[in-house]
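Chemist: File name start_18.pdb; file contents PDB, C-alpha atoms; full text below.
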MODEL        1
ATOM      1  CA  MET A 271     -32.966  46.629 -17.845
ATOM      2  CA  LEU A 272     -30.576  44.568 -19.947
ATOM      3  CA  LEU A 273     -31.281  40.900 -20.668
ATOM      4  CA  GLN A 274     -28.776  38.712 -22.438
ATOM      5  CA  GLY A 275     -29.024  35.101 -23.529
ATOM      6  CA  SER A 276     -28.463  32.315 -25.995
ATOM      7  CA  TRP A 277     -30.989  30.795 -28.341
ATOM      8  CA  SER A 278     -30.526  27.459 -26.588
ATOM      9  CA  GLN A 279     -31.334  28.626 -23.046
ATOM     10  CA  ASP A 280     -33.468  31.119 -21.121
ATOM     11  CA  PRO A 281     -32.190  34.709 -21.101
ATOM     12  CA  VAL A 282     -29.987  35.728 -18.203
ATOM     13  CA  VAL A 283     -31.185  38.952 -16.562
ATOM     14  CA  SER A 284     -28.563  41.577 -15.887
ATOM     15  CA  PHE A 285     -29.552  45.004 -14.539
ATOM     16  CA  VAL A 286     -27.564  47.906 -15.879
ATOM     17  CA  SER A 287     -29.568  50.661 -14.218
ATOM     18  CA  ARG A 288     -31.451  50.930 -10.990
ATOM     19  CA  GLN A 289     -34.861  52.312 -10.244
ATOM     20  CA  HIS A 290     -34.612  55.912  -9.166
ATOM     21  CA  ARG A 291     -36.963  55.874  -6.217
ATOM     22  CA  ALA A 292     -36.852  58.272  -3.321
ATOM     23  CA  ASN A 293     -36.642  55.410  -0.792
ATOM     24  CA  ASP A 294     -34.220  53.086  -2.608
ATOM     25  CA  PRO A 295     -31.321  52.333  -0.217
ATOM     26  CA  GLY A 296     -28.978  52.160  -3.209
ATOM     27  CA  CYS A 297     -29.923  55.699  -4.204
ATOM     28  CA  CYS A 298     -28.537  57.713  -1.273
ATOM     29  CA  SER A 299     -26.839  59.939  -3.827
ATOM     30  CA  GLU A 300     -30.254  60.513  -5.457
ATOM     31  CA  ALA A 301     -31.747  61.659  -2.141
ATOM     32  CA  ARG A 302     -28.839  64.052  -1.596
ATOM     33  CA  ARG A 303     -29.166  65.361  -5.172
ATOM     34  CA  VAL A 304     -32.915  65.986  -4.754
ATOM     35  CA  GLU A 305     -32.391  67.860  -1.468
ATOM     36  CA  ARG A 306     -29.510  69.872  -2.938
ATOM     37  CA  GLU A 307     -31.843  70.932  -5.780
ATOM     38  CA  GLY A 308     -34.644  72.143  -3.483
ATOM     39  CA  GLY A 309     -36.780  69.036  -2.951
ATOM     40  CA  LYS A 310     -37.632  67.289   0.285
ATOM     41  CA  LEU A 311     -38.165  63.593   0.904
ATOM     42  CA  SER A 312     -40.986  62.496   3.143
ATOM     43  CA  SER A 313     -42.468  59.144   4.099
ATOM     44  CA  THR A 314     -46.056  58.340   3.168
ATOM     45  CA  GLY A 315     -46.239  55.832   6.012
ATOM     46  CA  TYR A 316     -46.515  52.910   3.603
ATOM     47  CA  ARG A 317     -42.769  52.155   3.361
ATOM     48  CA  GLU A 318     -42.590  54.640   0.499
ATOM     49  CA  TRP A 319     -40.827  57.964   0.344
ATOM     50  CA  ARG A 320     -41.852  60.707  -2.027
ATOM     51  CA  VAL A 321     -40.247  63.867  -3.423
ATOM     52  CA  TYR A 322     -42.105  67.052  -2.422
ATOM     53  CA  PRO A 323     -41.478  70.758  -3.015
ATOM     54  CA  GLY A 324     -38.874  72.031  -0.554
ATOM     55  CA  ASP A 325     -41.268  74.542   0.990
ATOM     56  CA  ARG A 326     -44.483  72.671   1.857
ATOM     57  CA  SER A 327     -46.435  75.978   1.630
ATOM     58  CA  GLU A 328     -45.443  76.058  -2.041
ATOM     59  CA  ARG A 329     -47.567  73.025  -2.931
ATOM     60  CA  VAL A 330     -47.913  72.042  -6.539
ATOM     61  CA  SER A 331     -51.609  72.302  -7.442
ATOM     62  CA  LYS A 332     -53.510  69.235  -8.639
ATOM     63  CA  SER A 333     -53.953  70.894 -12.047
ATOM     64  CA  GLN A 334     -50.159  71.142 -12.365
ATOM     65  CA  GLY A 335     -49.486  67.517 -11.487
ATOM     66  CA  PRO A 336     -49.312  65.054  -8.625
ATOM     67  CA  GLY A 337     -47.688  67.333  -6.033
ATOM     68  CA  SER A 338     -45.249  64.585  -5.075
ATOM     69  CA  LEU A 339     -43.552  61.701  -6.804
ATOM     70  CA  ALA A 340     -42.017  58.373  -5.726
ATOM     71  CA  VAL A 341     -39.359  58.458  -8.453
ATOM     72  CA  THR A 342     -36.538  60.975  -8.660
ATOM     73  CA  ARG A 343     -36.164  60.848 -12.455
ATOM     74  CA  SER A 344     -39.191  61.351 -14.682
ATOM     75  CA  LEU A 345     -40.078  62.462 -18.200
ATOM     76  CA  GLY A 346     -43.632  63.445 -17.347
ATOM     77  CA  HIS A 347     -43.528  65.813 -14.378
ATOM     78  CA  PRO A 348     -41.796  69.096 -15.311
ATOM     79  CA  GLU A 349     -43.655  70.911 -12.492
ATOM     80  CA  LEU A 350     -41.400  69.065 -10.013
ATOM     81  CA  SER A 351     -38.148  69.780 -11.864
ATOM     82  CA  LYS A 352     -37.287  72.737  -9.625
ATOM     83  CA  TYR A 353     -37.467  70.317  -6.673
ATOM     84  CA  GLY A 354     -34.879  67.835  -7.907
ATOM     85  CA  VAL A 355     -36.983  65.575 -10.145
ATOM     86  CA  THR A 356     -35.137  65.436 -13.445
ATOM     87  CA  ALA A 357     -35.587  63.927 -16.893
ATOM     88  CA  ILE A 358     -31.811  63.644 -17.295
ATOM     89  CA  PRO A 359     -30.981  59.927 -17.300
ATOM     90  CA  GLU A 360     -28.252  58.294 -15.302
ATOM     91  CA  MET A 361     -26.043  56.747 -17.963
ATOM     92  CA  GLU A 362     -23.465  54.002 -17.964
ATOM     93  CA  GLU A 363     -21.482  52.618 -20.872
ATOM     94  CA  ILE A 364     -21.188  48.845 -21.077
ATOM     95  CA  GLU A 365     -19.807  46.467 -23.648
ATOM     96  CA  LEU A 366     -22.252  43.810 -24.824
ATOM     97  CA  GLU A 367     -20.785  40.319 -24.605
ATOM     98  CA  GLY A 368     -21.347  39.083 -28.155
ATOM     99  CA  GLY A 369     -18.951  36.175 -27.750
ATOM    100  CA  THR A 370     -20.832  34.755 -24.763
ATOM    101  CA  PHE A 371     -24.415  35.626 -25.711
ATOM    102  CA  ASP A 372     -26.409  35.347 -28.951
ATOM    103  CA  PHE A 373     -28.579  38.384 -28.230
ATOM    104  CA  SER A 374     -29.176  41.313 -25.907
ATOM    105  CA  ILE A 375     -32.547  42.891 -25.184
ATOM    106  CA  VAL A 376     -32.768  46.360 -23.684
ATOM    107  CA  LEU A 377     -36.057  47.163 -21.937
ATOM    108  CA  LEU A 378     -36.990  50.689 -20.914
ATOM    109  CA  LEU A 379     -39.752  50.312 -18.319
ATOM    110  CA  THR A 380     -41.788  52.831 -16.381
ATOM    111  CA  ASP A 381     -42.223  52.423 -12.638
ATOM    112  CA  GLY A 382     -45.786  51.274 -13.317
ATOM    113  CA  ILE A 383     -44.228  48.073 -14.688
ATOM    114  CA  THR A 384     -41.362  47.608 -12.221
ATOM    115  CA  ASP A 385     -43.570  48.328  -9.191
ATOM    116  CA  VAL A 386     -45.763  45.301  -9.924
ATOM    117  CA  LEU A 387     -43.515  42.823 -11.780
ATOM    118  CA  SER A 388     -40.428  41.140 -10.356
ATOM    119  CA  GLN A 389     -37.232  40.677 -12.341
ATOM    120  CA  SER A 390     -38.062  36.998 -12.780
ATOM    121  CA  ALA A 391     -41.600  37.761 -14.030
ATOM    122  CA  ILE A 392     -40.216  40.154 -16.633
ATOM    123  CA  CYS A 393     -37.589  37.605 -17.690
ATOM    124  CA  GLY A 394     -40.286  34.927 -17.908
ATOM    125  CA  ALA A 395     -42.371  37.104 -20.228
ATOM    126  CA  VAL A 396     -39.317  37.773 -22.401
ATOM    127  CA  SER A 397     -38.303  34.114 -22.615
ATOM    128  CA  LYS A 398     -41.665  33.256 -24.216
ATOM    129  CA  PHE A 399     -40.760  35.487 -27.167
ATOM    130  CA  VAL A 400     -37.169  34.324 -27.717
ATOM    131  CA  GLU A 401     -37.148  31.286 -29.993
ATOM    132  CA  GLY A 402     -34.344  31.853 -32.463
ATOM    133  CA  PRO A 403     -32.540  34.451 -34.575
ATOM    134  CA  GLY A 404     -34.936  37.076 -35.894
ATOM    135  CA  SER A 405     -37.805  35.701 -33.796
ATOM    136  CA  VAL A 406     -38.320  38.536 -31.296
ATOM    137  CA  ASP A 407     -41.335  40.690 -32.179
ATOM    138  CA  CYS A 408     -40.709  43.863 -30.142
ATOM    139  CA  GLY A 409     -44.346  44.993 -30.275
ATOM    140  CA  MET A 410     -45.662  41.627 -29.122
ATOM    141  CA  LEU A 411     -43.046  41.465 -26.352
ATOM    142  CA  ALA A 412     -43.883  44.974 -25.098
ATOM    143  CA  GLY A 413     -47.591  44.101 -25.166
ATOM    144  CA  ALA A 414     -47.011  40.888 -23.205
ATOM    145  CA  ILE A 415     -45.091  42.720 -20.468
ATOM    146  CA  ILE A 416     -47.816  45.380 -20.260
ATOM    147  CA  ASP A 417     -50.513  42.674 -20.100
ATOM    148  CA  CYS A 418     -48.659  40.895 -17.260
ATOM    149  CA  ALA A 419     -48.387  44.147 -15.296
ATOM    150  CA  ALA A 420     -52.007  45.178 -15.978
ATOM    151  CA  ALA A 421     -53.206  41.819 -14.638
ATOM    152  CA  GLU A 422     -51.706  42.616 -11.233
ATOM    153  CA  GLU A 423     -54.234  43.943  -8.731
ATOM    154  CA  SER A 424     -51.812  46.631  -7.532
ATOM    155  CA  ALA A 425     -51.243  48.071 -11.034
ATOM    156  CA  HIS A 426     -52.436  51.684 -11.023
ATOM    157  CA  ASP A 427     -49.695  53.701 -12.704
ATOM    158  CA  ASP A 428     -48.813  54.189 -16.351
ATOM    159  CA  LEU A 429     -47.537  51.027 -18.051
ATOM    160  CA  THR A 430     -44.963  51.789 -20.731
ATOM    161  CA  VAL A 431     -42.382  49.495 -22.319
ATOM    162  CA  VAL A 432     -39.786  50.178 -25.022
ATOM    163  CA  VAL A 433     -37.934  47.148 -26.462
ATOM    164  CA  LEU A 434     -34.628  47.086 -28.333
ATOM    165  CA  VAL A 435     -33.200  43.771 -29.565
ATOM    166  CA  VAL A 436     -29.537  43.394 -30.576
ATOM    167  CA  GLU A 437     -28.587  40.105 -32.192
ATOM    168  CA  HIS A 438     -24.868  39.344 -32.016
ATOM    169  CA  LEU A 439     -23.538  37.943 -35.276
TER     170      LEU A 439
ENDMDL
END
Could you render the structure as structure tokens?

Modeler:
Amino acid sequence: MLLQGSWSQDPVVSFVSRQHRANDPGCCSEARRVEREGGKLSSTGYREWRVYPGDRSERVSKSQGPGSLAVTRSLGHPELSKYGVTAIPEMEEIELEGGTFDFSIVLLLTDGITDVLSQSAICGAVSKFVEGPGSVDCGMLAGAIIDCAAAEESAHDDLTVVVLVVEHL
């Protein structure tokens, strides 16, 4: 997630990447990639699709991992890599607009965060930590986002945040 803003106003949220979820309508290419690489997509019945091993008889044991995953890109589930789940990121090069904005904040968020917090909630948490040049404490900001997500009743996944602040001079 990329947020950009000026010291005089709230940050403007701009998404550079998308969530890589098995049921995301914008990720049709992800579903095709997973199936091409041996995985199958199946509905859980709760409006969520998950990536499973291609041959259901070849179940991944509980000791090896979750057996299925809602995201198609993951750092923590190598047991599902032969079924299309990959740690290779989708990358895009963008030019930061230093002339228009005073700063840019890049947030790397796990699905445990983005499943329970809306874009506006994340932006609201960030705006509380943006007061002026040199004012953003990355550790405090990451902690605040994690605290917001942990307070949600539906939070049950890992909650990880990485913050990078770029101040445009």

Chemist: Taking the file above as input, evaluate the PyMOL selection byres ((chain A and resi 434) around 7) and report the hits as a list of chain:residue names.

Modeler: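 Here the PyMOL selection byres ((chain A and resi 434) around 7) matches A:Ile375, A:Val376, A:Leu377, A:Val432, A:Val433, A:Val435, A:Val436.
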
Chemist: Applying 12 Å and all atoms listed in the file, which residues near A:Ser388 remain after dropping the ones on its own chain fewer than 6 positions away? List them as a list in words.

Modeler: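 Selected residues are Met271, Val283, Asp381, Gly382, Gly394, Ala395, Ile415, Cys418, Ala419 and Glu422 of chain A.
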
Chemist: Care to translate the PyMOL selection byres ((chain A and resi 321) around 6) into actual residues of this file, as a list of chain:residue names?

Modeler: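 Going through the file, the PyMOL selection byres ((chain A and resi 321) around 6) ends up selecting A:Lys310, A:Leu311, A:Arg320, A:Tyr322, A:Ser338, A:Leu339.
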
Chemist: A:Asp427: which residues within 12 Å, counting only C-alpha atoms, same-chain residues fewer than 2 positions away excluded, as an MDAnalysis selection string?

Modeler: chainID A and resid 339:340 379:386 416 419:420 422:425 429:430

Chemist: Now that the selection is made, can you save its residues with C-alpha atoms as a short mmCIF file (atom, residue, chain, number, x, y, z; two decimals), in the frame of the given file?

Modeler:
data_model
loop_
_atom_site.label_atom_id
_atom_site.label_comp_id
_atom_site.auth_asym_id
_atom_site.auth_seq_id
_atom_site.Cartn_x
_atom_site.Cartn_y
_atom_site.Cartn_z
CA LEU A 339 -43.55 61.70 -6.80
CA ALA A 340 -42.02 58.37 -5.73
CA LEU A 379 -39.75 50.31 -18.32
CA THR A 380 -41.79 52.83 -16.38
CA ASP A 381 -42.22 52.42 -12.64
CA GLY A 382 -45.79 51.27 -13.32
CA ILE A 383 -44.23 48.07 -14.69
CA THR A 384 -41.36 47.61 -12.22
CA ASP A 385 -43.57 48.33 -9.19
CA VAL A 386 -45.76 45.30 -9.92
CA ILE A 416 -47.82 45.38 -20.26
CA ALA A 419 -48.39 44.15 -15.30
CA ALA A 420 -52.01 45.18 -15.98
CA GLU A 422 -51.71 42.62 -11.23
CA GLU A 423 -54.23 43.94 -8.73
CA SER A 424 -51.81 46.63 -7.53
CA ALA A 425 -51.24 48.07 -11.03
CA LEU A 429 -47.54 51.03 -18.05
CA THR A 430 -44.96 51.79 -20.73
#

Chemist: Taking (-25.3, 35.9, -28.2) in the file's own coordinates, collect the residues within 7 Å, counting all atoms listed in the file, and hand them back as number ranges by chain.

Modeler: A: 275-276, 368-373, 437-438

Chemist: Can those selected residues be exported to a file as an mmCIF file, keeping the file's coordinate frame so that it contains C-alpha atoms?

Modeler:
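Once everything was written out, this is result-v8.cif:
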data_model
loop_
_atom_site.group_PDB
_atom_site.id
_atom_site.type_symbol
_atom_site.label_atom_id
_atom_site.label_comp_id
_atom_site.auth_asym_id
_atom_site.auth_seq_id
_atom_site.Cartn_x
_atom_site.Cartn_y
_atom_site.Cartn_z
ATOM 1 C CA GLY A 275 -29.024 35.101 -23.529
ATOM 2 C CA SER A 276 -28.463 32.315 -25.995
ATOM 3 C CA GLY A 368 -21.347 39.083 -28.155
ATOM 4 C CA GLY A 369 -18.951 36.175 -27.750
ATOM 5 C CA THR A 370 -20.832 34.755 -24.763
ATOM 6 C CA PHE A 371 -24.415 35.626 -25.711
ATOM 7 C CA ASP A 372 -26.409 35.347 -28.951
ATOM 8 C CA PHE A 373 -28.579 38.384 -28.230
ATOM 9 C CA GLU A 437 -28.587 40.105 -32.192
ATOM 10 C CA HIS A 438 -24.868 39.344 -32.016
#

Chemist: To one decimal place, how far is atom CA of A:Ser397 from atom CA of A:Gly413 in Å?

Modeler: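 Atom CA of A:Gly413 lies at a distance of 13.9 Å from atom CA of A:Ser397.
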
Chemist: Determine the residue set returned by the PyMOL selection byres ((chain A and resi 353-365) around 8) for the present structure, and present it as a list in words.

Modeler: Val286, Ser287, Arg303, Val304, Glu305, Arg306, Glu307, Gly308, Gly309, Lys310, Val321, Tyr322, Pro323, Gly324, Val341, Thr342, Arg343, Ser344, Leu345, His347, Pro348, Leu350, Ser351, Lys352, Leu366 and Glu367 of chain A

Chemist: One decimal, Å: what's the distance from atom CA of A:Met410 over to atom CA of A:Ser390, could you say?

Modeler: 18.6 Å

Chemist: Report the distance between atom CA of A:Ser374 and atom CA of A:Leu273 in Å, rounded to one decimal place.

Modeler: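 Computing it gives 5.7 Å between the two atoms.
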
Chemist: Using all atoms listed in the file, can you tell me which of A:Ser313, A:Leu387, A:Lys398, A:Ser405 comes closest to A:Ala421?

Modeler: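 Checking each of A:Ser313, A:Leu387, A:Lys398, A:Ser405 against A:Ala421, counting all atoms listed in the file, the winner is A:Leu387.
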